[in-house]
>>> print(open('model10.cif').read())   # mmCIF, N, CA and C atoms
data_data
loop_
_atom_site.label_atom_id
_atom_site.label_comp_id
_atom_site.auth_asym_id
_atom_site.auth_seq_id
_atom_site.Cartn_x
_atom_site.Cartn_y
_atom_site.Cartn_z
N MET A 1267 156.81 11.82 73.09
CA MET A 1267 158.04 12.52 72.78
C MET A 1267 158.01 13.85 73.51
N SER A 1268 159.11 14.11 74.16
CA SER A 1268 159.19 15.37 74.91
C SER A 1268 159.49 16.52 73.96
N ARG A 1269 159.25 17.67 74.49
CA ARG A 1269 159.49 18.89 73.71
C ARG A 1269 160.97 19.00 73.33
N ARG A 1270 161.85 18.65 74.24
CA ARG A 1270 163.29 18.72 74.01
C ARG A 1270 163.69 17.74 72.90
N GLU A 1271 163.16 16.51 72.92
CA GLU A 1271 163.47 15.53 71.89
C GLU A 1271 162.96 15.99 70.52
N PHE A 1272 161.78 16.60 70.52
CA PHE A 1272 161.21 17.10 69.27
C PHE A 1272 162.13 18.15 68.64
N PHE A 1273 162.59 19.12 69.41
CA PHE A 1273 163.47 20.17 68.88
C PHE A 1273 164.82 19.60 68.44
N LEU A 1274 165.32 18.61 69.17
CA LEU A 1274 166.57 17.96 68.79
C LEU A 1274 166.41 17.23 67.45
N LEU A 1275 165.30 16.52 67.29
CA LEU A 1275 165.02 15.82 66.04
C LEU A 1275 164.84 16.82 64.89
N LEU A 1276 164.14 17.91 65.14
CA LEU A 1276 163.96 18.95 64.13
C LEU A 1276 165.29 19.56 63.72
N LEU A 1277 166.16 19.83 64.67
CA LEU A 1277 167.48 20.37 64.39
C LEU A 1277 168.30 19.40 63.56
N LEU A 1278 168.22 18.13 63.87
CA LEU A 1278 168.94 17.10 63.13
C LEU A 1278 168.44 17.03 61.68
N LEU A 1279 167.13 17.07 61.47
CA LEU A 1279 166.56 17.04 60.13
C LEU A 1279 166.96 18.27 59.31
N LEU A 1280 166.90 19.42 59.94
CA LEU A 1280 167.29 20.66 59.24
C LEU A 1280 168.77 20.64 58.88
N SER A 1281 169.59 20.11 59.75
CA SER A 1281 171.02 20.01 59.49
C SER A 1281 171.28 19.08 58.31
N ALA A 1282 170.59 17.94 58.28
CA ALA A 1282 170.75 16.99 57.17
C ALA A 1282 170.27 17.62 55.86
N PHE A 1283 169.18 18.33 55.90
CA PHE A 1283 168.64 18.99 54.71
C PHE A 1283 169.61 20.05 54.20
N ALA A 1284 170.20 20.83 55.08
CA ALA A 1284 171.14 21.88 54.68
C ALA A 1284 172.38 21.28 54.02
N SER A 1285 172.91 20.20 54.56
CA SER A 1285 174.10 19.60 53.96
C SER A 1285 173.76 18.93 52.62
N ALA A 1286 172.54 18.41 52.48
CA ALA A 1286 172.11 17.82 51.20
C ALA A 1286 172.00 18.89 50.13
N CYS A 1287 171.57 20.07 50.51
CA CYS A 1287 171.45 21.18 49.55
C CYS A 1287 172.82 21.61 49.05
N LYS A 1288 173.82 21.61 49.92
CA LYS A 1288 175.16 22.04 49.53
C LYS A 1288 175.79 21.06 48.55
N ALA A 1289 175.47 19.79 48.67
CA ALA A 1289 176.08 18.77 47.84
C ALA A 1289 175.42 18.67 46.47
N GLY A 1290 174.38 19.42 46.22
CA GLY A 1290 173.65 19.34 44.96
C GLY A 1290 174.45 19.92 43.81
N PRO A 1291 173.86 19.89 42.62
CA PRO A 1291 174.54 20.43 41.44
C PRO A 1291 174.72 21.94 41.56
N PRO A 1292 175.73 22.47 40.86
CA PRO A 1292 175.94 23.93 40.92
C PRO A 1292 174.74 24.65 40.32
N PRO A 1293 174.48 25.86 40.79
CA PRO A 1293 173.32 26.60 40.26
C PRO A 1293 173.51 26.91 38.77
N GLU A 1294 172.39 26.92 38.06
CA GLU A 1294 172.42 27.22 36.63
C GLU A 1294 172.74 28.69 36.40
N ASP A 1295 173.37 28.98 35.27
CA ASP A 1295 173.60 30.37 34.87
C ASP A 1295 172.30 30.85 34.24
N LEU A 1296 171.59 31.70 34.94
CA LEU A 1296 170.28 32.16 34.47
C LEU A 1296 170.36 33.40 33.58
N ARG A 1297 171.59 33.80 33.23
CA ARG A 1297 171.73 34.95 32.34
C ARG A 1297 171.37 34.54 30.92
N PRO A 1298 170.58 35.36 30.22
CA PRO A 1298 170.30 35.04 28.82
C PRO A 1298 171.58 35.19 27.99
N ASP A 1299 171.66 34.48 26.88
CA ASP A 1299 172.83 34.56 26.01
C ASP A 1299 172.69 35.76 25.08
N ILE A 1300 173.82 36.33 24.71
CA ILE A 1300 173.82 37.42 23.72
C ILE A 1300 174.21 36.77 22.39
N THR A 1301 173.26 36.75 21.46
CA THR A 1301 173.46 36.11 20.16
C THR A 1301 173.45 37.15 19.05
N VAL A 1302 173.76 36.70 17.85
CA VAL A 1302 173.70 37.59 16.68
C VAL A 1302 172.29 38.15 16.54
N GLU A 1303 171.29 37.31 16.77
CA GLU A 1303 169.90 37.75 16.64
C GLU A 1303 169.56 38.85 17.65
N THR A 1304 170.04 38.69 18.90
CA THR A 1304 169.74 39.73 19.89
C THR A 1304 170.50 41.01 19.58
N ILE A 1305 171.71 40.89 19.05
CA ILE A 1305 172.48 42.09 18.68
C ILE A 1305 171.76 42.83 17.55
N LEU A 1306 171.26 42.09 16.57
CA LEU A 1306 170.52 42.73 15.47
C LEU A 1306 169.35 43.55 16.01
N GLU A 1307 168.63 42.98 16.96
CA GLU A 1307 167.50 43.68 17.58
C GLU A 1307 167.97 44.88 18.40
N ASP A 1308 169.03 44.68 19.16
CA ASP A 1308 169.52 45.73 20.06
C ASP A 1308 170.10 46.93 19.31
N LEU A 1309 170.62 46.72 18.12
CA LEU A 1309 171.21 47.83 17.35
C LEU A 1309 170.16 48.79 16.79
N ASP A 1310 168.92 48.31 16.63
CA ASP A 1310 167.89 49.18 16.07
C ASP A 1310 167.77 50.47 16.87
N ARG A 1311 167.80 51.58 16.15
CA ARG A 1311 167.67 52.94 16.68
C ARG A 1311 168.93 53.44 17.43
N GLN A 1312 169.97 52.63 17.49
CA GLN A 1312 171.22 53.08 18.12
C GLN A 1312 171.99 53.96 17.13
N ARG A 1313 172.83 54.82 17.67
CA ARG A 1313 173.67 55.71 16.83
C ARG A 1313 175.14 55.47 17.15
N ILE A 1314 175.97 55.64 16.11
CA ILE A 1314 177.42 55.55 16.30
C ILE A 1314 178.08 56.57 15.38
N ASP A 1315 179.14 57.20 15.86
CA ASP A 1315 179.90 58.14 15.03
C ASP A 1315 180.82 57.35 14.11
N VAL A 1316 180.87 57.78 12.85
CA VAL A 1316 181.74 57.14 11.86
C VAL A 1316 182.61 58.21 11.22
N PRO A 1317 183.81 57.82 10.77
CA PRO A 1317 184.70 58.81 10.14
C PRO A 1317 184.05 59.43 8.90
N ALA A 1318 184.54 60.58 8.54
CA ALA A 1318 184.00 61.31 7.39
C ALA A 1318 184.19 60.52 6.11
N GLU A 1319 183.23 60.68 5.21
CA GLU A 1319 183.36 60.10 3.88
C GLU A 1319 184.39 60.93 3.11
N GLU A 1320 184.87 60.37 2.01
CA GLU A 1320 185.80 61.13 1.17
C GLU A 1320 185.15 62.43 0.73
N GLY A 1321 185.88 63.52 0.85
CA GLY A 1321 185.37 64.81 0.44
C GLY A 1321 184.59 65.53 1.53
N SER A 1322 184.35 64.87 2.65
CA SER A 1322 183.63 65.50 3.76
C SER A 1322 184.64 65.79 4.87
N SER A 1323 184.46 66.91 5.54
CA SER A 1323 185.46 67.30 6.55
C SER A 1323 185.10 66.83 7.96
N GLU A 1324 183.82 66.54 8.20
CA GLU A 1324 183.42 66.18 9.56
C GLU A 1324 182.90 64.76 9.64
N PRO A 1325 183.12 64.12 10.80
CA PRO A 1325 182.56 62.78 10.98
C PRO A 1325 181.04 62.85 10.95
N SER A 1326 180.44 61.70 10.73
CA SER A 1326 179.00 61.62 10.61
C SER A 1326 178.46 60.67 11.69
N SER A 1327 177.17 60.73 11.91
CA SER A 1327 176.53 59.83 12.85
C SER A 1327 175.63 58.88 12.05
N TRP A 1328 175.77 57.59 12.30
CA TRP A 1328 174.96 56.59 11.61
C TRP A 1328 173.93 56.04 12.58
N ARG A 1329 172.68 56.00 12.14
CA ARG A 1329 171.61 55.44 12.96
C ARG A 1329 171.15 54.14 12.31
N PHE A 1330 171.10 53.07 13.10
CA PHE A 1330 170.68 51.76 12.60
C PHE A 1330 169.16 51.67 12.60
N PHE A 1331 168.61 51.16 11.50
CA PHE A 1331 167.17 50.99 11.38
C PHE A 1331 166.82 49.52 11.18
N PRO A 1332 165.61 49.12 11.60
CA PRO A 1332 165.21 47.71 11.49
C PRO A 1332 165.22 47.17 10.06
N ASN A 1333 164.86 48.01 9.08
CA ASN A 1333 164.79 47.53 7.69
C ASN A 1333 166.12 47.61 6.95
N GLU A 1334 167.16 47.98 7.66
CA GLU A 1334 168.49 48.09 7.07
C GLU A 1334 169.17 46.72 7.09
N PRO A 1335 169.64 46.24 5.94
CA PRO A 1335 170.30 44.93 5.92
C PRO A 1335 171.60 44.96 6.73
N LYS A 1336 171.79 43.96 7.59
CA LYS A 1336 172.99 43.90 8.43
C LYS A 1336 173.55 42.49 8.44
N GLU A 1337 174.87 42.39 8.39
CA GLU A 1337 175.57 41.12 8.57
C GLU A 1337 176.48 41.29 9.77
N ILE A 1338 176.33 40.39 10.76
CA ILE A 1338 177.10 40.50 11.99
C ILE A 1338 177.84 39.20 12.27
N GLN A 1339 179.08 39.37 12.72
CA GLN A 1339 179.87 38.24 13.20
C GLN A 1339 180.44 38.64 14.56
N ILE A 1340 180.25 37.79 15.56
CA ILE A 1340 180.81 38.06 16.89
C ILE A 1340 182.27 37.61 16.90
N LEU A 1341 183.19 38.54 17.14
CA LEU A 1341 184.62 38.22 17.14
C LEU A 1341 185.13 37.92 18.55
N GLU A 1342 184.64 38.65 19.54
CA GLU A 1342 185.05 38.46 20.94
C GLU A 1342 183.83 38.63 21.83
N LYS A 1343 183.80 37.85 22.93
CA LYS A 1343 182.72 38.00 23.91
C LYS A 1343 183.32 37.76 25.29
N LYS A 1344 183.17 38.77 26.16
CA LYS A 1344 183.66 38.66 27.54
C LYS A 1344 182.52 39.04 28.48
N VAL A 1345 182.07 38.06 29.27
CA VAL A 1345 180.97 38.28 30.21
C VAL A 1345 181.51 38.15 31.62
N THR A 1346 181.33 39.20 32.41
CA THR A 1346 181.76 39.21 33.81
C THR A 1346 180.60 39.70 34.65
N GLY A 1347 179.99 38.77 35.39
CA GLY A 1347 178.84 39.14 36.22
C GLY A 1347 177.70 39.65 35.37
N ASP A 1348 177.25 40.86 35.66
CA ASP A 1348 176.14 41.46 34.93
C ASP A 1348 176.59 42.45 33.86
N LYS A 1349 177.85 42.34 33.43
CA LYS A 1349 178.38 43.20 32.37
C LYS A 1349 179.01 42.33 31.30
N ALA A 1350 178.93 42.80 30.06
CA ALA A 1350 179.50 42.06 28.94
C ALA A 1350 180.08 43.04 27.93
N ILE A 1351 181.17 42.62 27.30
CA ILE A 1351 181.79 43.41 26.23
C ILE A 1351 181.94 42.47 25.04
N LEU A 1352 181.42 42.92 23.90
CA LEU A 1352 181.52 42.14 22.67
C LEU A 1352 182.17 42.99 21.59
N VAL A 1353 182.98 42.35 20.76
CA VAL A 1353 183.51 42.99 19.57
C VAL A 1353 182.86 42.27 18.40
N ILE A 1354 182.22 43.07 17.54
CA ILE A 1354 181.54 42.49 16.39
C ILE A 1354 182.11 43.07 15.10
N ASP A 1355 182.01 42.29 14.04
CA ASP A 1355 182.30 42.77 12.69
C ASP A 1355 180.94 42.97 12.04
N LEU A 1356 180.70 44.17 11.57
CA LEU A 1356 179.37 44.53 11.06
C LEU A 1356 179.48 45.09 9.65
N LYS A 1357 178.61 44.61 8.78
CA LYS A 1357 178.47 45.16 7.43
C LYS A 1357 177.01 45.58 7.29
N THR A 1358 176.81 46.78 6.79
CA THR A 1358 175.45 47.28 6.60
C THR A 1358 175.42 48.26 5.43
N ARG A 1359 174.23 48.60 5.06
CA ARG A 1359 174.03 49.59 3.99
C ARG A 1359 172.67 50.24 4.21
N THR A 1360 172.43 51.29 3.47
CA THR A 1360 171.13 51.95 3.57
C THR A 1360 170.03 50.97 3.18
N SER A 1361 168.86 51.23 3.68
CA SER A 1361 167.72 50.35 3.41
C SER A 1361 167.36 50.39 1.92
N PRO A 1362 166.71 49.34 1.42
CA PRO A 1362 166.28 49.35 0.01
C PRO A 1362 165.42 50.56 -0.33
N ARG A 1363 164.58 51.00 0.61
CA ARG A 1363 163.72 52.16 0.37
C ARG A 1363 164.56 53.43 0.16
N ALA A 1364 165.60 53.60 1.00
CA ALA A 1364 166.47 54.77 0.85
C ALA A 1364 167.25 54.70 -0.46
N GLU A 1365 167.65 53.49 -0.86
CA GLU A 1365 168.38 53.34 -2.11
C GLU A 1365 167.50 53.70 -3.31
N GLU A 1366 166.19 53.43 -3.19
CA GLU A 1366 165.26 53.82 -4.26
C GLU A 1366 165.22 55.33 -4.42
N GLN A 1367 165.48 56.05 -3.33
CA GLN A 1367 165.48 57.52 -3.36
C GLN A 1367 166.85 58.07 -3.73
N GLY A 1368 167.78 57.19 -4.11
CA GLY A 1368 169.10 57.63 -4.56
C GLY A 1368 170.14 57.76 -3.46
N ILE A 1369 169.82 57.36 -2.25
CA ILE A 1369 170.79 57.43 -1.15
C ILE A 1369 171.43 56.05 -1.01
N LYS A 1370 172.72 55.95 -1.33
CA LYS A 1370 173.41 54.67 -1.26
C LYS A 1370 174.66 54.80 -0.41
N LYS A 1371 174.63 54.16 0.72
CA LYS A 1371 175.80 54.16 1.58
C LYS A 1371 176.04 52.75 2.08
N ARG A 1372 177.31 52.38 2.16
CA ARG A 1372 177.70 51.08 2.71
C ARG A 1372 178.74 51.33 3.80
N LEU A 1373 178.61 50.58 4.88
CA LEU A 1373 179.55 50.72 5.98
C LEU A 1373 179.98 49.33 6.42
N ALA A 1374 181.20 49.25 6.94
CA ALA A 1374 181.71 47.97 7.44
C ALA A 1374 182.82 48.24 8.44
N GLY A 1375 183.02 47.28 9.34
CA GLY A 1375 184.11 47.39 10.29
C GLY A 1375 183.75 46.81 11.64
N LYS A 1376 184.62 47.06 12.60
CA LYS A 1376 184.46 46.50 13.95
C LYS A 1376 183.88 47.54 14.91
N ILE A 1377 183.01 47.04 15.80
CA ILE A 1377 182.40 47.87 16.85
C ILE A 1377 182.50 47.11 18.17
N ARG A 1378 182.81 47.82 19.24
CA ARG A 1378 182.81 47.23 20.59
C ARG A 1378 181.50 47.62 21.27
N LEU A 1379 180.74 46.61 21.69
CA LEU A 1379 179.46 46.83 22.36
C LEU A 1379 179.60 46.56 23.84
N HIS A 1380 179.09 47.48 24.66
CA HIS A 1380 179.08 47.32 26.11
C HIS A 1380 177.64 47.01 26.52
N TYR A 1381 177.46 45.89 27.21
CA TYR A 1381 176.14 45.46 27.66
C TYR A 1381 176.07 45.42 29.17
N GLU A 1382 174.87 45.60 29.70
CA GLU A 1382 174.61 45.44 31.12
C GLU A 1382 173.32 44.63 31.26
N LEU A 1383 173.32 43.70 32.21
CA LEU A 1383 172.14 42.87 32.43
C LEU A 1383 171.18 43.62 33.34
N LYS A 1384 170.00 43.89 32.84
CA LYS A 1384 168.97 44.63 33.59
C LYS A 1384 167.91 43.65 34.05
N SER A 1385 167.42 43.85 35.27
CA SER A 1385 166.35 43.01 35.81
C SER A 1385 165.06 43.81 35.85
N TYR A 1386 164.02 43.22 35.29
CA TYR A 1386 162.69 43.81 35.31
C TYR A 1386 161.79 42.91 36.15
N LEU A 1387 160.53 43.15 36.14
CA LEU A 1387 159.59 42.42 36.99
C LEU A 1387 159.81 40.91 36.95
N VAL A 1388 159.76 40.31 35.80
CA VAL A 1388 159.95 38.86 35.69
C VAL A 1388 161.00 38.49 34.63
N VAL A 1389 161.68 39.46 34.08
CA VAL A 1389 162.61 39.22 32.98
C VAL A 1389 163.97 39.83 33.28
N ARG A 1390 165.02 39.13 32.88
CA ARG A 1390 166.38 39.70 32.88
C ARG A 1390 166.79 39.84 31.43
N LYS A 1391 167.29 41.03 31.06
CA LYS A 1391 167.56 41.32 29.65
C LYS A 1391 168.86 42.11 29.53
N TRP A 1392 169.70 41.72 28.57
CA TRP A 1392 170.90 42.48 28.27
C TRP A 1392 170.52 43.73 27.49
N GLU A 1393 171.14 44.87 27.86
CA GLU A 1393 170.90 46.12 27.14
C GLU A 1393 172.23 46.79 26.82
N ILE A 1394 172.30 47.38 25.63
CA ILE A 1394 173.51 48.10 25.23
C ILE A 1394 173.62 49.37 26.06
N THR A 1395 174.76 49.56 26.71
CA THR A 1395 174.99 50.78 27.49
C THR A 1395 176.03 51.68 26.84
N GLY A 1396 176.71 51.15 25.81
CA GLY A 1396 177.70 51.97 25.12
C GLY A 1396 178.23 51.26 23.89
N MET A 1397 178.70 52.05 22.94
CA MET A 1397 179.28 51.51 21.70
C MET A 1397 180.54 52.29 21.39
N GLU A 1398 181.59 51.56 20.99
CA GLU A 1398 182.84 52.19 20.57
C GLU A 1398 183.14 51.80 19.14
N ASN A 1399 183.47 52.78 18.33
CA ASN A 1399 183.83 52.51 16.95
C ASN A 1399 185.31 52.13 16.91
N ILE A 1400 185.59 50.90 16.51
CA ILE A 1400 186.98 50.46 16.37
C ILE A 1400 187.46 50.74 14.94
N SER A 1401 186.70 50.27 13.95
CA SER A 1401 187.09 50.50 12.55
C SER A 1401 185.87 50.60 11.62
N PHE A 1402 184.71 50.87 12.17
CA PHE A 1402 183.47 50.96 11.39
C PHE A 1402 183.50 52.25 10.57
N ALA A 1403 183.43 52.13 9.23
CA ALA A 1403 183.56 53.31 8.37
C ALA A 1403 182.82 53.09 7.05
N TYR A 1404 182.63 54.20 6.33
CA TYR A 1404 182.02 54.15 5.01
C TYR A 1404 182.91 53.36 4.06
N GLN A 1405 182.27 52.63 3.15
CA GLN A 1405 182.99 51.88 2.13
C GLN A 1405 182.70 52.53 0.78
N LYS A 1406 183.66 52.44 -0.13
CA LYS A 1406 183.44 52.98 -1.46
C LYS A 1406 182.42 52.13 -2.18
N GLU A 1407 181.55 52.79 -2.93
CA GLU A 1407 180.56 52.09 -3.75
C GLU A 1407 181.28 51.47 -4.93
N PRO A 1408 181.00 50.20 -5.21
CA PRO A 1408 181.61 49.60 -6.40
C PRO A 1408 181.06 50.24 -7.67
N LYS A 1409 181.90 50.35 -8.67
CA LYS A 1409 181.45 50.90 -9.95
C LYS A 1409 180.50 49.92 -10.61
N ASN A 1410 179.69 50.41 -11.51
CA ASN A 1410 178.67 49.57 -12.17
C ASN A 1410 179.27 48.32 -12.82
N ASP A 1411 180.46 48.44 -13.43
CA ASP A 1411 181.06 47.29 -14.10
C ASP A 1411 181.70 46.30 -13.10
N GLU A 1412 181.83 46.69 -11.80
CA GLU A 1412 182.41 45.81 -10.79
C GLU A 1412 181.35 44.94 -10.14
N ARG A 1413 180.08 45.27 -10.30
CA ARG A 1413 179.00 44.53 -9.64
C ARG A 1413 178.74 43.25 -10.29
#
>>> encode(input="model10.cif", output="structure tokens")
Amino acid sequence: MSRREFFLLLLLLLSAFASACKAGPPPEDLRPDITVETILEDLDRQRIDVPAEEGSSEPSSWRFFPNEPKEIQILEKKVTGDKAILVIDLKTRTSPRAEEQGIKKRLAGKIRLHYELKSYLVVRKWEITGMENISFAYQKEPKNDER
């Protein structure tokens, strides 16, 4: 086989291989999913401004803690490339330990979470880059006879 025939055959094989690759299945979406469980984790140590409680003149800042009971429902999810916006309905209250010390607060409402997909050495991970309070606010404590 001459050198020219060899290169022609190599070109033909590479051409066939390239067209076979194009006809294959579409690439998988390798982005991790944002679930209720990941949101619960991501909220830990985050802060959000909430409207003032009754009798208070200034808004307050709420910090989420891991031991704080939370109920989350995802209402909207929009993922575009490496950015995502979610609207969640969140109910939370002070941790049982804080309640033992006489601090009882309950909050509920909607929050808009802004996420960005970050790439690390071998991992891609969604991270919260911003939070907007839509209707998240303090709730009145039920009276003892209402419980």
>>> residues_near_point(input="model10.cif", point="(171.8, 42.4, 30.3)", cutoff="6 Å", atoms="all atoms listed in the file", output="JSON, numbers by chain")
{"A": [1348, 1381, 1382, 1383, 1384, 1390, 1391, 1392, 1393]}
>>> resolve_selection(input="model10.cif", expression="the PyMOL selection byres ((chain A and resi 1356) around 6.5)", output="JSON, numbers by chain")
{"A": [1337, 1338, 1339, 1354, 1355, 1357, 1358, 1373, 1374, 1375, 1376, 1377]}
>>> atom_distance(input="model10.cif", atom1="CA of Ile1300 (chain A)", atom2="CA of Lys1344 (chain A)")
10.6 Å
>>> residues_around(input="model10.cif", residues="Trp1328 (chain A)", least_positions_apart="2", cutoff="7 Å", atoms="only N, CA and C atoms", output="list in words")
Gln1312, Arg1313, Ile1314, Asp1315, Val1316, Ser1326 and Phe1330 of chain A
>>> closest_residue(input="model10.cif", among="A:Leu1279, A:Lys1336, A:Glu1303, A:Thr1360", to="Arg1372 (chain A)", atoms="all atoms listed in the file")
A:Thr1360
>>> atom_distance(input="model10.cif", atom1="CA of Val1353 (chain A)", atom2="atom C of Arg1311 (chain A)")
18.1 Å
>>> select_by_dssp(input="model10.cif", residues="region 1296-1383 of chain A", states="helix (DSSP H, G or I)", output="list in words")
Val1302, Glu1303, Thr1304, Ile1305, Leu1306, Glu1307, Asp1308, Leu1309, Pro1362, Arg1363, Ala1364, Glu1365 and Glu1366 of chain A
>>> atom_distance(input="model10.cif", atom1="CA of Glu1319 (chain A)", atom2="CA of Phe1402 (chain A)")
11.8 Å
>>> closest_residue(input="model10.cif", among="A:Pro1317, A:Pro1332, A:Pro1325, A:Gly1396", to="Arg1378 (chain A)", atoms="all atoms listed in the file")
A:Gly1396
